[in-house]
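Contents: one structure, followed by commentary.
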There are 2 protein chains.
Amino acid sequence: MTESVHDYMTRLGRAAREASRVLARASTAQKNRALQAAASALDAARTELSAANEQDLASGRSNGLDEAMLDRLALTPARIDDMIEGLRQVAALPDPIGEIRDMRYLPSGIQVGKMRVPLGVVGIIYESRPNVTIDAASLCLKSGNATILRGGSEAIHSNQAIARCIQLGLAEAGLPAAAVQVVETTDRAAVGALIAMPEFVDVIVPRGGKGLIERISREARVPVIKHLDGICHVYIDVAADIDKAVRIADNAKTQRYAPCNTMETLLVHAAIAGKVLPPLAAIYREKGVELRGCGQTRELLGDVLEASEEDWSTEYNAPILSIKIVESLDAAIEHINRYGSQHTDAIVTENFTDARRFLTEVDSSSVMINASTRFADGFEYGLGAEIGISTDKLHARGPVGLEGLTSEKYVVFGDGHVRT
Amino acid sequence: MTESVHDYMTRLGRAAREASRVLARASTAQKNRALQAAASALDAARTELSAANEQDLASGRSNGLDEAMLDRLALTPARIDDMIEGLRQVAALPDPIGEIRDMRYLPSGIQVGKMRVPLGVVGIIYESRPNVTIDAASLCLKSGNATILRGGSEAIHSNQAIARCIQLGLAEAGLPAAAVQVVETTDRAAVGALIAMPEFVDVIVPRGGKGLIERISREARVPVIKHLDGICHVYIDVAADIDKAVRIADNAKTQRYAPCNTMETLLVHAAIAGKVLPPLAAIYREKGVELRGCGQTRELLGDVLEASEEDWSTEYNAPILSIKIVESLDAAIEHINRYGSQHTDAIVTENFTDARRFLTEVDSSSVMINASTRFADGFEYGLGAEIGISTDKLHARGPVGLEGLTSEKYVVFGDGHVRT
């Protein structure tokens with residue numbers, strides 16, 4: 001292209017801002033029609049999608065991408081099915097926009113409440129997985145936001161093929177093409193431009209590794225909904241039911257090792273450690289989980305590596321677990337608030353007061369009683385879908401679905417009321 | 001002091017973070033006791049407060065502060081009454097913390113809902129008015145947040161005298177002294193440090209002129225709840241009731257000239273302009289409001305200055321009003337979304353469909369039908385108090401009360417549930 005990356009991104013931004021005004025007043029039926037039509041277009045474009053993806057995979061292989069990267073990049077038929085199903089599910093979700101709540105009369109006679117509205121323009125920056133294009137575009141579209149999508153350069157052909165299907169959907173519903181724009185340059189300056197246009201972009205959602213997210217948060221001139229570490233804990237209280245404790249501590253660690261809601265540190269009350277840790281250690285060992293423990297844990301279990309200070313603040317994303325025996329509920333809460341990442345933490349207990357204290361005093365985006373940390377997820381929480389999990393406190397916290405992509409404005413009804 | 005400003009601010013930040021953990025679990029009764037005791041302490045310290053304020057006023061006079069600045073700085077007996085009354089009102093508000101909503105069972109069997117929690121540590125940066133110290137401290141305390149207050153250097157003695165009263169209140173309730181800290185140095189580097197400690201400060205609320213707010217927003221490494229322009233509109237629709245239109249357009253402009261929710265531009269449908277503008281112009285002229293109009297307005301009213309392009313995006317905060325005659329509701333909405341500041345805009349109409357379109361399509365933090373823009377205010381909206389009006393879309397939008405100083409975490413209850 002002959003225009004500079006900066007000019008190109010400004011053009012995208014301006015078009016997105018204009019499209020956002022149209023989207024904000026689009027009817028629910030119109031938005032759903034676009035989502036359904038995009039789903040049909042994906043279904044009809046399977047050959048084209050596979051061919052585009054094959055191009056990306058071939059470049060990936062010749063550029064020496066590792067197997068894990070290539071796997072994330074692959075658009076298998078099953079993944080195309082999932083994208084189609086995802087679009088249809090988002091179409092089936094209730095439309096959050098226009099919802100009015102809490103209309104109340106006030107002493108002056110005016111009636112005041114809140115109406116849910118789109119944020120405006122959402123910028124999504126993500127890495128290799130091309131299906132994020134559909135996830136993000138569908139959630140933003142349903143919530144009435146225009147989107148600028150900047151995927152990984154290794155997925156550029158796949159993302160553009162997916163974008164063509166979205167464009168068919170938008171056209172069929174009579175919505176502007178700029179409602180969903182995929183950045184067509186792989187120049188890294190495009191990211192720098194996207195995060196520095198507050199006049200055109202209302203929020204940035206980065207999806208990817210911690211390095212990407214930290215860099216974007218540091219440099220952005222636009223608010224960022226971000227997801228950093230997931231250092232999640234399960235605390236087995238003195239009053240825990242042993243069966244529930246074993247089931248939850250097993251599931252929280254071993255159901256899957258990579259997700260952010262997987263437990264990284266197990267805390268156990270000293271008075272119950274002798275009963276619950278030996279059966280748990282047997283399960284972990286059988287599943288090949290490496291254990292790293294505090295001194296007491298090592299005495300109790302034997303053959304356990306020593307946990308260093310660093311272990312308590314490490315997100316392994318791997319079959320490794322640190323274990324600490326604590327003397328009290330207070331010590332457990334203190335440990336979690338000090339070393340945790342305010343993501344998801346659970347207590348196992350039958351004691352009402354201990355449960356209530358844990359719920360109140362642990363400052364994390366999800367706090368659980370007698371349930372596995374692995375439930376911290378937009379689908380499991382009934383949000384229908386999620387654009388990510390926020391570890392921020394402002395705006396959206398925890399799994400972010402449609403509601404996290406909206407704001408509320410005040411609406412005031414009167415009958416000629418004036419202030420005196 | 002011998003320590004550097006940076007070290008001093010770090011010490012305040014660390015102490016605030018620790019205090020925030022205590023405040024987060026403080027009972028409603030304990031927080032209210034602190035507020036009531038601070039009110040009594042203010043009442044008992046009137047002499048001391050006046051003496052400290054007199055010191056500030058004397059320096060202000062010798063430093064050549066203008067009358068408006070000196071007026072904002074003055075702690076009159078009536079203003080001390082207002083601070084005492086404000087503390088008691090905040091004590092009487094319902095406690096937002098711990099509120100649990102929407103607990104629902106999901107197909108997996110877990111029960112999921114949201115619990116309201118404090119943000120943590122709030123930094124307030126403000127200019128001359130010492131009563132902001134009480135407003136901000138009381139709202140933050142009630143919402144379970146620790147506060148670091150950085151007032152204007154011209155009010156340093158007044159702010160410290162007020163801070164001593166707050167400290168007495170905290171001590172009486174058994175809350176940590178670091179729950180409310182007033183920065184004791186007038187070094188401007190303290191502001192730079194305060195807005196760059198994300199590990200200790202969760203959000204910054206700047207209160208003051210646009211220059212201050214823009215600078216802080218640009219430089220902050222912490223989220224900012226900000227309030228920029230208030231370019232508010234009243235649109236008199238073709239289907240307006242003339243009496244209501246005159247009443248509202250009068251009140252929106254002339255009830256007070258300085259506030260951000262005062263109307264700056266009046267839009268009038270061409271078909272009703274001949275009926276409504278002459279009586280309105282008479283009122284404005286009688287009250288000494290300078291009128292600046294579009295060509296049609298000038299033809300209709302005569303003796304009206306010509307509005308320049310710049311007028312449409314100017315916040316006068318003064319007895320000046322720009323007037324534009326528009327051909328349609330669409331043109332009015334287009335004008336507002338283009339030149340407005342997304343603060344507060346009102347339509348006067350008896351037509352249901354026009355009202356509904358205006359409500360949906362005007363993208364402002366408060367949108368009103370048949371009511372004066374002057375109602376956009378935390379007290380008028382029933383929030384009990386406000387820490388400011390946010391012109392942001394993320395997190396809090398419009399008047400920010402206790403709820404805007406909180407976040408929500410997910411709470412999950414199970415009975416040994418694991419994910420499959």
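Every chain in the structure tokens takes a letter, A first, then B, and so on in the order presented; its residues are numbered from 1, and the ligands are numbered from 1 following the presented order.
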* Show which residues sit within 6 Å of region 104-115 of chain B, as an MDAnalysis selection string. Count only C-alpha atoms, and ignore same-chain residues fewer than 3 positions away. => chainID B and resid 98:101 408:414
Take the residues just selected and output them with C-alpha atoms as a PDB file, in the first residue's frame.
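Resulting contents of again.pdb:
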ATOM      1  CA  GLY B  98     -20.951  -7.143  50.364  1.00  0.00           C
ATOM      2  CA  GLU B  99     -24.184  -6.860  48.404  1.00  0.00           C
ATOM      3  CA  ILE B 100     -24.669 -10.144  46.522  1.00  0.00           C
ATOM      4  CA  ARG B 101     -26.871 -10.215  43.426  1.00  0.00           C
ATOM      5  CA  GLU B 408     -17.897  -6.739  41.691  1.00  0.00           C
ATOM      6  CA  LYS B 409     -16.340 -10.160  42.067  1.00  0.00           C
ATOM      7  CA  TYR B 410     -17.919 -13.459  41.075  1.00  0.00           C
ATOM      8  CA  VAL B 411     -18.900 -15.761  43.906  1.00  0.00           C
ATOM      9  CA  VAL B 412     -19.412 -19.455  43.263  1.00  0.00           C
ATOM     10  CA  PHE B 413     -21.055 -21.908  45.658  1.00  0.00           C
ATOM     11  CA  GLY B 414     -20.830 -25.652  45.195  1.00  0.00           C
TER      12      GLY B 414
END
* To do: Once DSSP has gone over the backbone, tell me which residues of region 115-225 of chain A are in strand (DSSP E), as a list in words.
  => Met115, Arg116, Val117, Pro118, Val121, Val122, Gly123, Ile124, Ile125, Tyr126, Ala146, Thr147, Ile148, Leu149, Arg150, Val180, Gln181, Val182, Val203, Ile204, Val205, Pro206 and Arg207 of chain A
Requested write-out: N, CA and C atoms of the selected residues, as a compact mmCIF listing (two decimals), in the first residue's frame:
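After the write, part14.txt holds the following:
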# COMPACT_ATOMS: atom_id res chain seq x y z
N MET A 115 -29.66 2.99 31.18
CA MET A 115 -29.87 2.24 29.94
C MET A 115 -28.52 1.68 29.47
N ARG A 116 -28.54 0.41 29.08
CA ARG A 116 -27.30 -0.23 28.65
C ARG A 116 -27.01 0.13 27.20
N VAL A 117 -25.76 0.56 26.95
CA VAL A 117 -25.35 1.04 25.62
C VAL A 117 -24.00 0.40 25.25
N PRO A 118 -23.68 0.38 23.94
CA PRO A 118 -22.38 -0.17 23.54
C PRO A 118 -21.24 0.74 24.02
N VAL A 121 -16.19 1.54 19.93
CA VAL A 121 -15.25 0.81 19.06
C VAL A 121 -14.29 0.00 19.95
N VAL A 122 -14.21 -1.29 19.69
CA VAL A 122 -13.35 -2.18 20.46
C VAL A 122 -12.20 -2.65 19.57
N GLY A 123 -10.98 -2.50 20.04
CA GLY A 123 -9.81 -3.01 19.32
C GLY A 123 -9.36 -4.31 19.95
N ILE A 124 -9.23 -5.36 19.14
CA ILE A 124 -8.80 -6.66 19.68
C ILE A 124 -7.43 -6.98 19.09
N ILE A 125 -6.49 -7.28 19.96
CA ILE A 125 -5.14 -7.64 19.50
C ILE A 125 -4.87 -9.05 19.99
N TYR A 126 -4.61 -9.95 19.06
CA TYR A 126 -4.47 -11.34 19.48
C TYR A 126 -3.34 -12.00 18.71
N ALA A 146 -18.47 -1.55 17.10
CA ALA A 146 -17.63 -1.79 15.93
C ALA A 146 -16.30 -2.37 16.43
N THR A 147 -15.66 -3.17 15.60
CA THR A 147 -14.44 -3.87 16.01
C THR A 147 -13.33 -3.67 15.00
N ILE A 148 -12.12 -3.47 15.50
CA ILE A 148 -10.93 -3.54 14.66
C ILE A 148 -10.10 -4.70 15.19
N LEU A 149 -9.87 -5.68 14.35
CA LEU A 149 -9.21 -6.91 14.78
C LEU A 149 -7.80 -6.95 14.22
N ARG A 150 -6.83 -7.18 15.11
CA ARG A 150 -5.46 -7.26 14.67
C ARG A 150 -4.91 -8.60 15.16
N VAL A 180 -16.95 -4.49 11.26
CA VAL A 180 -15.88 -5.43 11.64
C VAL A 180 -14.76 -5.27 10.63
N GLN A 181 -13.61 -4.79 11.06
CA GLN A 181 -12.48 -4.62 10.15
C GLN A 181 -11.29 -5.44 10.65
N VAL A 182 -10.70 -6.20 9.73
CA VAL A 182 -9.50 -6.95 10.05
C VAL A 182 -8.32 -6.18 9.46
N VAL A 203 -11.83 1.01 23.69
CA VAL A 203 -11.19 0.04 24.59
C VAL A 203 -10.42 -0.97 23.76
N ILE A 204 -9.33 -1.45 24.35
CA ILE A 204 -8.50 -2.47 23.71
C ILE A 204 -8.60 -3.76 24.54
N VAL A 205 -8.81 -4.87 23.87
CA VAL A 205 -8.77 -6.17 24.55
C VAL A 205 -7.64 -6.99 23.93
N PRO A 206 -6.52 -7.11 24.64
CA PRO A 206 -5.44 -7.96 24.12
C PRO A 206 -5.67 -9.41 24.54
N ARG A 207 -5.50 -10.32 23.60
CA ARG A 207 -5.64 -11.75 23.91
C ARG A 207 -4.33 -12.41 23.55
* To do: Would you list the contacts of region 358-374 of chain A as a PyMOL selection string, taking every protein, DNA or RNA residue within 6 Å and counting only C-alpha atoms, but skipping same-chain residues closer than 6 positions in sequence?
  => (chain A and resi 248+252+261-262+342-348+397-398) or (chain B and resi 409-418)
Residue subset to file, keeping C-alpha atoms, as a short mmCIF file (atom, residue, chain, number, x, y, z; two decimals), in the first residue's frame:
data_model
loop_
_atom_site.label_atom_id
_atom_site.label_comp_id
_atom_site.auth_asym_id
_atom_site.auth_seq_id
_atom_site.Cartn_x
_atom_site.Cartn_y
_atom_site.Cartn_z
CA ILE A 248 -11.78 -30.48 44.01
CA ALA A 252 -8.53 -27.93 39.90
CA ASN A 261 -8.01 -21.03 36.11
CA THR A 262 -5.96 -24.13 36.94
CA GLN A 342 -6.56 -11.98 42.21
CA HIS A 343 -7.87 -14.40 39.61
CA THR A 344 -9.71 -17.38 41.16
CA ASP A 345 -9.40 -18.93 44.60
CA ALA A 346 -11.45 -21.60 46.34
CA ILE A 347 -11.98 -22.86 49.88
CA VAL A 348 -13.14 -26.36 50.75
CA ARG A 397 -13.73 -8.15 36.55
CA GLY A 398 -13.52 -11.90 35.93
CA LYS B 409 -16.34 -10.16 42.07
CA TYR B 410 -17.92 -13.46 41.08
CA VAL B 411 -18.90 -15.76 43.91
CA VAL B 412 -19.41 -19.45 43.26
CA PHE B 413 -21.06 -21.91 45.66
CA GLY B 414 -20.83 -25.65 45.20
CA ASP B 415 -21.05 -28.88 47.12
CA GLY B 416 -17.85 -30.49 45.93
CA HIS B 417 -18.53 -29.68 42.28
CA VAL B 418 -15.79 -30.30 39.73
#
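Near Arg256 (chain B), within 12 Å and counting only C-alpha atoms, sit Arg419 and Thr420 of chain A; Asp250, Asn251, Ala252, Lys253, Thr254, Ala258, Pro259, Cys260, Asn261, Thr262, Met263, Glu264, Lys287, Val289, Asn317, Ala318, Pro319, Ile320, Ser372, Thr373, Arg374 and Phe375 of chain B; same-chain residues fewer than 2 positions away were not included.
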For the residues in that selection, give me C-alpha atoms as a PDB file, in the first residue's frame.
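Now in result00.pdb:
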ATOM      1  CA  ARG A 419     -34.162  22.478  38.966  1.00  0.00           C
ATOM      2  CA  THR A 420     -34.843  24.932  41.753  1.00  0.00           C
TER       3      THR A 420
ATOM      4  CA  ASP B 250     -34.401  28.938  30.636  1.00  0.00           C
ATOM      5  CA  ASN B 251     -33.506  26.779  33.633  1.00  0.00           C
ATOM      6  CA  ALA B 252     -30.833  24.757  31.800  1.00  0.00           C
ATOM      7  CA  LYS B 253     -28.958  27.950  30.967  1.00  0.00           C
ATOM      8  CA  THR B 254     -29.666  30.459  33.686  1.00  0.00           C
ATOM      9  CA  ALA B 258     -20.672  27.749  35.926  1.00  0.00           C
ATOM     10  CA  PRO B 259     -21.670  24.085  36.394  1.00  0.00           C
ATOM     11  CA  CYS B 260     -20.752  21.446  33.841  1.00  0.00           C
ATOM     12  CA  ASN B 261     -24.403  20.435  33.385  1.00  0.00           C
ATOM     13  CA  THR B 262     -25.460  23.914  32.256  1.00  0.00           C
ATOM     14  CA  MET B 263     -26.660  24.124  28.626  1.00  0.00           C
ATOM     15  CA  GLU B 264     -24.153  25.681  26.222  1.00  0.00           C
ATOM     16  CA  LYS B 287     -31.006  37.970  32.495  1.00  0.00           C
ATOM     17  CA  VAL B 289     -27.206  36.199  28.575  1.00  0.00           C
ATOM     18  CA  ASN B 317     -19.315  28.312  31.815  1.00  0.00           C
ATOM     19  CA  ALA B 318     -20.674  31.857  31.503  1.00  0.00           C
ATOM     20  CA  PRO B 319     -23.827  33.784  30.527  1.00  0.00           C
ATOM     21  CA  ILE B 320     -23.297  33.048  26.842  1.00  0.00           C
ATOM     22  CA  SER B 372     -33.509  20.381  32.541  1.00  0.00           C
ATOM     23  CA  THR B 373     -29.870  19.326  32.027  1.00  0.00           C
ATOM     24  CA  ARG B 374     -29.188  20.866  35.446  1.00  0.00           C
ATOM     25  CA  PHE B 375     -30.533  17.671  37.042  1.00  0.00           C
TER      26      PHE B 375
END
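Near region 141-145 of chain A, within a cut-off of 8 Å and counting only C-alpha atoms, sit the residues A:Ser20, A:Leu23, A:Ala24, A:Arg25, A:Ala26, A:Thr28, A:Lys31, A:Asn32, A:Val90, A:Ala91, A:Asp95, A:Pro96, A:Ile97, A:Val117, A:Pro118, A:Leu119, A:Gly120, A:Val121, A:Val122, A:Ala137, A:Ser138, A:Leu139, A:Thr147, A:Ala179, A:Val180, A:Leu402, A:Glu403, A:Leu405, A:Thr406, with same-chain residues fewer than 2 positions away left out.
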Would you give me, as a compact mmCIF listing (two decimals) with all heavy atoms, in the first residue's frame, the residues in region 325-390 of chain B that DSSP reads as helix (DSSP H, G or I)?
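Contents of the output file result-v2.txt:
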# COMPACT_ATOMS: atom_id res chain seq x y z
N LEU B 329 -35.01 16.22 13.56
CA LEU B 329 -34.46 15.50 14.72
C LEU B 329 -33.11 14.91 14.36
O LEU B 329 -32.17 14.95 15.16
CB LEU B 329 -35.45 14.40 15.12
CG LEU B 329 -34.98 13.41 16.19
CD1 LEU B 329 -34.71 14.09 17.52
CD2 LEU B 329 -36.01 12.29 16.38
N ASP B 330 -33.00 14.36 13.15
CA ASP B 330 -31.72 13.78 12.72
C ASP B 330 -30.59 14.79 12.80
O ASP B 330 -29.50 14.48 13.27
CB ASP B 330 -31.82 13.24 11.29
CG ASP B 330 -32.60 11.95 11.23
OD1 ASP B 330 -32.08 10.94 11.73
OD2 ASP B 330 -33.75 11.96 10.73
N ALA B 331 -30.88 16.00 12.31
CA ALA B 331 -29.84 17.04 12.32
C ALA B 331 -29.46 17.40 13.75
O ALA B 331 -28.29 17.65 14.04
CB ALA B 331 -30.33 18.27 11.56
N ALA B 332 -30.43 17.39 14.66
CA ALA B 332 -30.13 17.71 16.07
C ALA B 332 -29.23 16.63 16.67
O ALA B 332 -28.22 16.92 17.32
CB ALA B 332 -31.43 17.82 16.87
N ILE B 333 -29.59 15.37 16.44
CA ILE B 333 -28.80 14.26 17.00
C ILE B 333 -27.39 14.29 16.41
O ILE B 333 -26.39 14.12 17.13
CB ILE B 333 -29.50 12.91 16.71
CG1 ILE B 333 -30.82 12.84 17.49
CG2 ILE B 333 -28.58 11.74 17.05
CD1 ILE B 333 -31.69 11.64 17.14
N GLU B 334 -27.33 14.53 15.10
CA GLU B 334 -26.04 14.61 14.41
C GLU B 334 -25.17 15.73 15.03
O GLU B 334 -23.99 15.53 15.29
CB GLU B 334 -26.32 14.88 12.93
CG GLU B 334 -25.15 15.29 12.08
CD GLU B 334 -24.16 14.16 11.86
OE1 GLU B 334 -24.61 12.99 11.94
OE2 GLU B 334 -22.98 14.45 11.63
N HIS B 335 -25.78 16.88 15.26
CA HIS B 335 -25.04 18.00 15.86
C HIS B 335 -24.51 17.63 17.25
O HIS B 335 -23.35 17.87 17.58
CB HIS B 335 -25.94 19.25 15.95
CG HIS B 335 -25.23 20.44 16.53
ND1 HIS B 335 -24.72 21.45 15.76
CD2 HIS B 335 -24.93 20.76 17.83
CE1 HIS B 335 -24.13 22.34 16.55
NE2 HIS B 335 -24.25 21.95 17.81
N ILE B 336 -25.38 17.03 18.06
CA ILE B 336 -24.99 16.70 19.44
C ILE B 336 -23.86 15.67 19.46
O ILE B 336 -22.87 15.82 20.17
CB ILE B 336 -26.21 16.18 20.23
CG1 ILE B 336 -27.22 17.33 20.43
CG2 ILE B 336 -25.79 15.58 21.57
CD1 ILE B 336 -28.56 16.89 20.98
N ASN B 337 -24.00 14.62 18.64
CA ASN B 337 -22.96 13.59 18.65
C ASN B 337 -21.65 14.12 18.07
O ASN B 337 -20.58 13.62 18.39
CB ASN B 337 -23.43 12.34 17.93
CG ASN B 337 -24.43 11.53 18.77
OD1 ASN B 337 -24.45 11.64 19.99
ND2 ASN B 337 -25.27 10.76 18.11
N ARG B 338 -21.74 15.14 17.23
CA ARG B 338 -20.53 15.68 16.63
C ARG B 338 -19.83 16.72 17.52
O ARG B 338 -18.63 16.66 17.72
CB ARG B 338 -20.89 16.33 15.29
CG ARG B 338 -19.70 16.99 14.63
CD ARG B 338 -19.96 17.25 13.15
NE ARG B 338 -18.89 18.04 12.59
CZ ARG B 338 -19.00 18.75 11.47
NH1 ARG B 338 -20.15 18.74 10.79
NH2 ARG B 338 -17.99 19.43 11.01
N TYR B 339 -20.62 17.67 18.05
CA TYR B 339 -20.00 18.78 18.79
C TYR B 339 -20.06 18.62 20.30
O TYR B 339 -19.36 19.32 21.03
CB TYR B 339 -20.68 20.10 18.41
CG TYR B 339 -20.48 20.53 16.98
CD1 TYR B 339 -21.49 20.38 16.04
CD2 TYR B 339 -19.28 21.11 16.59
CE1 TYR B 339 -21.32 20.80 14.72
CE2 TYR B 339 -19.08 21.52 15.28
CZ TYR B 339 -20.11 21.37 14.35
OH TYR B 339 -19.92 21.77 13.05
N PHE B 352 -43.78 10.61 21.16
CA PHE B 352 -43.18 9.41 21.73
C PHE B 352 -42.00 8.90 20.90
O PHE B 352 -40.94 8.57 21.43
CB PHE B 352 -44.25 8.31 21.85
CG PHE B 352 -43.73 7.00 22.37
CD1 PHE B 352 -43.54 6.81 23.73
CD2 PHE B 352 -43.40 5.97 21.51
CE1 PHE B 352 -43.04 5.61 24.22
CE2 PHE B 352 -42.89 4.77 21.99
CZ PHE B 352 -42.72 4.59 23.35
N THR B 353 -42.18 8.85 19.59
CA THR B 353 -41.15 8.26 18.74
C THR B 353 -39.90 9.15 18.69
O THR B 353 -38.78 8.65 18.71
CB THR B 353 -41.71 8.01 17.33
OG1 THR B 353 -42.84 7.13 17.48
CG2 THR B 353 -40.69 7.36 16.42
N ASP B 354 -40.10 10.46 18.64
CA ASP B 354 -38.95 11.37 18.67
C ASP B 354 -38.19 11.21 20.00
O ASP B 354 -36.95 11.17 20.02
CB ASP B 354 -39.40 12.83 18.51
CG ASP B 354 -39.85 13.13 17.08
OD1 ASP B 354 -39.78 12.21 16.22
OD2 ASP B 354 -40.28 14.27 16.82
N ALA B 355 -38.94 11.12 21.09
CA ALA B 355 -38.31 10.96 22.41
C ALA B 355 -37.51 9.67 22.46
O ALA B 355 -36.37 9.64 22.91
CB ALA B 355 -39.38 10.95 23.50
N ARG B 356 -38.10 8.62 21.95
CA ARG B 356 -37.45 7.30 22.00
C ARG B 356 -36.20 7.29 21.13
O ARG B 356 -35.18 6.73 21.52
CB ARG B 356 -38.47 6.26 21.52
CG ARG B 356 -38.10 4.85 21.85
CD ARG B 356 -39.32 3.93 21.73
NE ARG B 356 -38.90 2.55 21.92
CZ ARG B 356 -38.91 1.64 20.97
NH1 ARG B 356 -39.33 1.95 19.75
NH2 ARG B 356 -38.51 0.41 21.22
N ARG B 357 -36.26 7.94 19.96
CA ARG B 357 -35.08 7.98 19.10
C ARG B 357 -33.97 8.79 19.76
O ARG B 357 -32.80 8.39 19.73
CB ARG B 357 -35.43 8.57 17.73
CG ARG B 357 -36.09 7.57 16.79
CD ARG B 357 -35.99 8.04 15.34
NE ARG B 357 -34.63 8.34 14.96
CZ ARG B 357 -34.27 9.23 14.04
NH1 ARG B 357 -35.21 9.92 13.41
NH2 ARG B 357 -33.01 9.43 13.76
N PHE B 358 -34.31 9.93 20.33
CA PHE B 358 -33.30 10.77 20.99
C PHE B 358 -32.61 9.99 22.11
O PHE B 358 -31.38 9.98 22.23
CB PHE B 358 -33.99 12.03 21.55
CG PHE B 358 -33.04 13.09 22.04
CD1 PHE B 358 -32.56 14.06 21.16
CD2 PHE B 358 -32.64 13.15 23.35
CE1 PHE B 358 -31.69 15.07 21.60
CE2 PHE B 358 -31.77 14.15 23.81
CZ PHE B 358 -31.29 15.10 22.92
N LEU B 359 -33.43 9.28 22.90
CA LEU B 359 -32.92 8.50 24.03
C LEU B 359 -31.93 7.44 23.55
O LEU B 359 -30.89 7.20 24.17
CB LEU B 359 -34.10 7.82 24.72
CG LEU B 359 -33.92 7.34 26.15
CD1 LEU B 359 -33.71 8.52 27.07
CD2 LEU B 359 -35.12 6.53 26.60
N THR B 360 -32.24 6.82 22.43
CA THR B 360 -31.42 5.72 21.94
C THR B 360 -30.18 6.22 21.21
O THR B 360 -29.11 5.64 21.33
CB THR B 360 -32.25 4.85 20.96
OG1 THR B 360 -33.45 4.48 21.62
CG2 THR B 360 -31.49 3.61 20.54
N GLU B 361 -30.34 7.30 20.45
CA GLU B 361 -29.27 7.67 19.52
C GLU B 361 -28.31 8.72 20.04
O GLU B 361 -27.24 8.89 19.47
CB GLU B 361 -29.89 8.11 18.19
CG GLU B 361 -30.64 6.95 17.53
CD GLU B 361 -31.31 7.32 16.21
OE1 GLU B 361 -30.83 8.25 15.54
OE2 GLU B 361 -32.32 6.68 15.87
N THR B 373 -31.19 19.96 31.90
CA THR B 373 -29.87 19.33 32.03
C THR B 373 -29.27 19.54 33.41
O THR B 373 -28.40 18.78 33.84
CB THR B 373 -28.87 19.90 30.99
OG1 THR B 373 -28.81 21.34 31.14
CG2 THR B 373 -29.30 19.57 29.57
N ARG B 374 -29.73 20.56 34.12
CA ARG B 374 -29.19 20.87 35.45
C ARG B 374 -29.43 19.75 36.46
O ARG B 374 -28.84 19.74 37.54
CB ARG B 374 -29.77 22.19 35.96
CG ARG B 374 -29.25 23.41 35.22
CD ARG B 374 -27.88 23.85 35.72
NE ARG B 374 -27.97 24.25 37.11
CZ ARG B 374 -27.32 23.64 38.10
NH1 ARG B 374 -26.54 22.60 37.86
NH2 ARG B 374 -27.45 24.06 39.34
N PHE B 375 -30.30 18.79 36.13
CA PHE B 375 -30.53 17.67 37.04
C PHE B 375 -29.39 16.65 37.05
O PHE B 375 -29.38 15.75 37.89
CB PHE B 375 -31.83 16.94 36.68
CG PHE B 375 -33.08 17.64 37.15
CD1 PHE B 375 -33.98 18.19 36.24
CD2 PHE B 375 -33.39 17.72 38.51
CE1 PHE B 375 -35.13 18.83 36.66
CE2 PHE B 375 -34.55 18.35 38.93
CZ PHE B 375 -35.43 18.91 38.02
* Hey, what's within 8 Å of region 265-273 of chain A if we count only C-alpha atoms and toss same-chain stuff fewer than 3 positions away? As a ChimeraX atom specification, please? -> /A:231-238,249,276-277,312,321-329,332
Pull C-alpha atoms from the residues just selected and write them as a PDB file, in the first residue's frame.
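The result, written out as selection-v4.pdb:
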ATOM      1  CA  ILE A 231      -2.109 -17.927  40.098  1.00  0.00           C
ATOM      2  CA  CYS A 232      -5.090 -19.764  41.564  1.00  0.00           C
ATOM      3  CA  HIS A 233      -5.341 -21.434  44.968  1.00  0.00           C
ATOM      4  CA  VAL A 234      -7.414 -24.101  46.617  1.00  0.00           C
ATOM      5  CA  TYR A 235      -7.436 -23.926  50.425  1.00  0.00           C
ATOM      6  CA  ILE A 236      -8.477 -27.067  52.269  1.00  0.00           C
ATOM      7  CA  ASP A 237      -9.869 -25.817  55.557  1.00  0.00           C
ATOM      8  CA  VAL A 238      -9.726 -27.671  58.879  1.00  0.00           C
ATOM      9  CA  ALA A 249      -7.993 -30.335  44.521  1.00  0.00           C
ATOM     10  CA  VAL A 276      -6.032 -35.225  52.956  1.00  0.00           C
ATOM     11  CA  LEU A 277      -2.526 -34.829  51.556  1.00  0.00           C
ATOM     12  CA  TRP A 312       4.445 -19.215  45.538  1.00  0.00           C
ATOM     13  CA  LEU A 321       1.970 -27.975  41.975  1.00  0.00           C
ATOM     14  CA  SER A 322       3.270 -26.124  45.008  1.00  0.00           C
ATOM     15  CA  ILE A 323       1.829 -27.178  48.376  1.00  0.00           C
ATOM     16  CA  LYS A 324       1.897 -25.303  51.663  1.00  0.00           C
ATOM     17  CA  ILE A 325       0.600 -26.342  55.047  1.00  0.00           C
ATOM     18  CA  VAL A 326      -0.840 -23.375  56.975  1.00  0.00           C
ATOM     19  CA  GLU A 327      -1.780 -22.992  60.628  1.00  0.00           C
ATOM     20  CA  SER A 328      -5.059 -21.134  60.167  1.00  0.00           C
ATOM     21  CA  LEU A 329      -7.652 -19.679  57.841  1.00  0.00           C
ATOM     22  CA  ALA A 332      -4.361 -19.020  54.083  1.00  0.00           C
TER      23      ALA A 332
END
